[in-house]
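Engineer: Pasting in a structure now, in structure tokens, and then I'll have a few things to ask.
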Amino acid sequence: MNIKRESAIIRQMLYLLATIRNGKITRTAEENGIKISNLSMQLKDLEEATGAALLNRKSDGVEPTPAGLELCELAQEFEEILQRFRDWQSSLQQEKAIYLYLPACLKMDLTAYDGEADVVVVGDVRDCDVAVELGDAQVADDEIFETTKVIVQSNAMTFNLRVVCRQKDNEEAVALYKFLVASMI
């Protein structure tokens with residue numbers, strides 16, 4: 001098995017599926033961040049590999065041929081497998097790490113935290129499970145499970161902080177949240 005060639009065919013099949021769903025090559029190219037000419041070449045290469053016309057190209061878009069529809073059914077199976085992989089990967093990441101957002105100006109010692117999961121400090125509040133925020137909220141209120149406001153004094157400076165937990169079903173995130181609140185009070 002030539003894995004490089006096989007992966008190219010899978011990619012081309014997914015491009016075909018997206019093109020048939022969109023009805024236009026231009027829209028599919030835009031959505032996938034590739035040039036129209038490159039997408040057209042990918043689709044032509046797939047037609048050559050299968051030995052069948054897969055699309056009827058028209059001035060107002062594309063329509064699948066019967067062979068194109070059959071191949072789309074196979075491509076949908078790949079799409080489902082990829083989604084299952086993403087779900088599996090996400091479950092592994094949730095088990096292994098808790099994502100914490102800290103403002104750049106706030107330094108915290110997390111060595112005393114003895115949770116099971118690794119704590120990964122992220123730079124974007126949208127990527128976090130737990131957040132320590134300065135002043136006004138950055139995490140949308142509808143995403144918050146639990147929140148606590150804390151005033152911390154450090155080096156003659158006073159910080160108004162808000163500690164936020166977004167993951168009520170993730171015991172590790174809740175434990176980190178409680179640890180942070182307890183260590184700041």
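Following the order of the structure tokens, first chain is A, next is B, and so on, with residues numbered from 1 inside each chain and ligands from 1 in the order they appear.
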Need to verify the contact set: Met41 in chain A, 12 Å, only C-alpha atoms, exclusion of same-chain residues closer than 4 positions in sequence. Can you return it as number ranges by chain?
Structural biologist: A: 12, 15-16, 25, 29, 34-37, 45-48
Engineer: Next, write the just-selected residues to a file, as a short mmCIF file (atom, residue, chain, number, x, y, z; two decimals), in the first residue's frame, keeping all heavy atoms as the atom set.
Structural biologist:
data_model
loop_
_atom_site.label_atom_id
_atom_site.label_comp_id
_atom_site.auth_asym_id
_atom_site.auth_seq_id
_atom_site.Cartn_x
_atom_site.Cartn_y
_atom_site.Cartn_z
N GLN A 12 -8.86 13.93 -2.11
CA GLN A 12 -9.61 14.27 -3.33
C GLN A 12 -11.08 13.87 -3.20
O GLN A 12 -11.96 14.61 -3.66
CB GLN A 12 -8.97 13.57 -4.54
CG GLN A 12 -7.60 14.11 -4.88
CD GLN A 12 -6.81 13.21 -5.81
OE1 GLN A 12 -7.18 12.06 -6.07
NE2 GLN A 12 -5.68 13.72 -6.30
N TYR A 15 -12.73 16.48 -1.16
CA TYR A 15 -12.95 17.67 -1.99
C TYR A 15 -14.17 17.47 -2.90
O TYR A 15 -14.98 18.38 -3.07
CB TYR A 15 -11.72 17.97 -2.86
CG TYR A 15 -10.58 18.65 -2.16
CD1 TYR A 15 -9.26 18.37 -2.53
CD2 TYR A 15 -10.78 19.61 -1.17
CE1 TYR A 15 -8.19 19.00 -1.91
CE2 TYR A 15 -9.71 20.24 -0.55
CZ TYR A 15 -8.42 19.93 -0.93
OH TYR A 15 -7.36 20.56 -0.33
N LEU A 16 -14.29 16.28 -3.47
CA LEU A 16 -15.44 15.99 -4.32
C LEU A 16 -16.73 16.11 -3.52
O LEU A 16 -17.68 16.75 -3.97
CB LEU A 16 -15.32 14.58 -4.92
CG LEU A 16 -16.53 14.11 -5.73
CD1 LEU A 16 -16.64 14.90 -7.03
CD2 LEU A 16 -16.45 12.62 -6.00
N ILE A 25 -17.36 24.82 -7.51
CA ILE A 25 -15.95 24.61 -7.24
C ILE A 25 -15.37 25.83 -6.53
O ILE A 25 -14.58 25.70 -5.60
CB ILE A 25 -15.18 24.30 -8.55
CG1 ILE A 25 -15.61 22.92 -9.07
CG2 ILE A 25 -13.68 24.37 -8.36
CD1 ILE A 25 -15.03 22.53 -10.41
N ALA A 29 -13.31 25.82 -2.98
CA ALA A 29 -11.93 26.31 -2.93
C ALA A 29 -11.78 27.37 -1.84
O ALA A 29 -10.83 27.34 -1.05
CB ALA A 29 -11.50 26.85 -4.29
N ILE A 34 -7.79 27.02 -0.79
CA ILE A 34 -6.92 26.64 -1.89
C ILE A 34 -7.37 27.38 -3.15
O ILE A 34 -8.48 27.88 -3.23
CB ILE A 34 -6.92 25.11 -2.14
CG1 ILE A 34 -8.31 24.60 -2.52
CG2 ILE A 34 -6.40 24.37 -0.93
CD1 ILE A 34 -8.33 23.13 -2.91
N LYS A 35 -6.49 27.42 -4.12
CA LYS A 35 -6.81 28.07 -5.39
C LYS A 35 -7.81 27.22 -6.17
O LYS A 35 -7.78 25.98 -6.10
CB LYS A 35 -5.56 28.26 -6.23
CG LYS A 35 -4.57 29.23 -5.63
CD LYS A 35 -3.34 29.35 -6.51
CE LYS A 35 -2.34 30.30 -5.90
NZ LYS A 35 -1.14 30.41 -6.73
N ILE A 36 -8.66 27.88 -6.92
CA ILE A 36 -9.65 27.19 -7.74
C ILE A 36 -8.96 26.23 -8.71
O ILE A 36 -9.40 25.10 -8.90
CB ILE A 36 -10.53 28.21 -8.50
CG1 ILE A 36 -11.33 29.05 -7.50
CG2 ILE A 36 -11.46 27.52 -9.48
CD1 ILE A 36 -11.97 30.28 -8.11
N SER A 37 -7.86 26.70 -9.31
CA SER A 37 -7.14 25.84 -10.27
C SER A 37 -6.59 24.59 -9.59
O SER A 37 -6.61 23.50 -10.18
CB SER A 37 -6.01 26.63 -10.94
OG SER A 37 -5.10 27.10 -9.97
N ASP A 45 -7.68 14.83 -11.25
CA ASP A 45 -6.83 13.69 -10.89
C ASP A 45 -7.67 12.54 -10.34
O ASP A 45 -7.40 11.37 -10.63
CB ASP A 45 -5.77 14.10 -9.85
CG ASP A 45 -4.68 14.98 -10.43
OD1 ASP A 45 -4.59 15.11 -11.67
OD2 ASP A 45 -3.90 15.54 -9.62
N LEU A 46 -8.69 12.87 -9.57
CA LEU A 46 -9.57 11.83 -9.02
C LEU A 46 -10.36 11.16 -10.14
O LEU A 46 -10.51 9.94 -10.15
CB LEU A 46 -10.51 12.43 -7.97
CG LEU A 46 -11.44 11.45 -7.27
CD1 LEU A 46 -10.66 10.37 -6.53
CD2 LEU A 46 -12.37 12.21 -6.31
N GLU A 47 -10.81 11.96 -11.09
CA GLU A 47 -11.53 11.38 -12.24
C GLU A 47 -10.60 10.45 -13.03
O GLU A 47 -11.02 9.37 -13.45
CB GLU A 47 -12.09 12.49 -13.13
CG GLU A 47 -13.29 13.18 -12.50
CD GLU A 47 -13.86 14.30 -13.35
OE1 GLU A 47 -13.08 15.05 -13.97
OE2 GLU A 47 -15.10 14.42 -13.38
N GLU A 48 -9.35 10.86 -13.19
CA GLU A 48 -8.39 10.00 -13.90
C GLU A 48 -8.13 8.71 -13.12
O GLU A 48 -8.05 7.62 -13.71
CB GLU A 48 -7.08 10.75 -14.15
CG GLU A 48 -7.19 11.80 -15.24
CD GLU A 48 -5.88 12.57 -15.42
OE1 GLU A 48 -4.82 12.12 -14.94
OE2 GLU A 48 -5.94 13.65 -16.05
#
Engineer: Quick one: residues within 6 Å of range 120-136 of chain A, only C-alpha atoms counted, chain neighbours fewer than 6 positions away excluded, as a PyMOL selection string?
Structural biologist: chain A and resi 99-102+160-167
Engineer: Pick out the residues sitting within 12 Å of Asp109 in chain A, and hand them over as a list of chain:residue names; count only C-alpha atoms, and ignore anything fewer than 6 positions along from it in its own chain.
Structural biologist: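 Contacts, with the query itself left out: A:Leu102, A:Val119, A:Val121, A:Phe179, A:Leu180, A:Ser183, A:Met184.
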Engineer: Take the residues that were just selected and, keeping C-alpha atoms, output them as a PDB file, in the first residue's frame.
Structural biologist:
ATOM      1  CA  LEU A 102      -3.786  33.505  32.780  1.00  0.00           C
ATOM      2  CA  VAL A 119      -2.140  22.039  33.481  1.00  0.00           C
ATOM      3  CA  VAL A 121      -1.398  27.544  30.197  1.00  0.00           C
ATOM      4  CA  PHE A 179      -7.336  25.189  43.987  1.00  0.00           C
ATOM      5  CA  LEU A 180      -6.893  28.597  42.335  1.00  0.00           C
ATOM      6  CA  SER A 183      -4.744  29.808  46.877  1.00  0.00           C
ATOM      7  CA  MET A 184      -5.802  33.399  46.148  1.00  0.00           C
TER       8      MET A 184
END
Engineer: When you draw a straight line from CA of Arg57 in chain A to CA of Leu39 in chain A, how long is it in Å?
Structural biologist: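 Between CA of Arg57 in chain A and CA of Leu39 in chain A the gap works out to 13.4 Å.
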Engineer: Using DSSP assignments from the backbone, pull out every residue in chain A that falls under alpha helix (DSSP H) and give it to me as number ranges by chain.
Structural biologist: A: 3-22, 25-32, 36-50, 66-96, 171-184
Engineer: With distances taken over only C-alpha atoms, which of A:Glu172, A:Glu30, A:Thr65, A:Gln76 is nearest to Asp114 in chain A?
Structural biologist: A:Glu172
Engineer: Find the spatial neighbours of Asn22 in chain A, counting only C-alpha atoms, within a cut-off of 9 Å - ignore same-chain residues fewer than 5 positions away - and output them as a list in words.
Structural biologist: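 My reading of the contact set: Leu17, Arg27, Thr28, Gly61 and Val62 of chain A.
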Engineer: Figure out the distance between CA of Thr19 in chain A and CA of Ala75 in chain A, please, to one decimal in Å.
Structural biologist: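 Pair CA of Ala75 in chain A / CA of Thr19 in chain A returns 11.8 Å.
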Engineer: Would you mind writing down, as a list of chain:residue names, each residue of range 12-146 of chain A that DSSP on the backbone assigns to strand (DSSP E)?
Structural biologist: A:Leu55, A:Asn56, A:Arg57, A:Lys58, A:Gly61, A:Val62, A:Glu63, A:Pro64, A:Ala97, A:Ile98, A:Tyr99, A:Leu100, A:Tyr101, A:Asp118, A:Val119, A:Val120, A:Val121, A:Val122, A:Val130, A:Ala131, A:Val132, A:Glu133, A:Leu134, A:Glu146
Engineer: Excluding Glu77 in chain A and any residue of its chain fewer than 6 positions from it, enumerate the residues within 12 Å of it, using only C-alpha atoms, and give them as JSON, numbers by chain.
Structural biologist: {"A": [10, 13, 14, 17, 70, 71, 83, 84]}
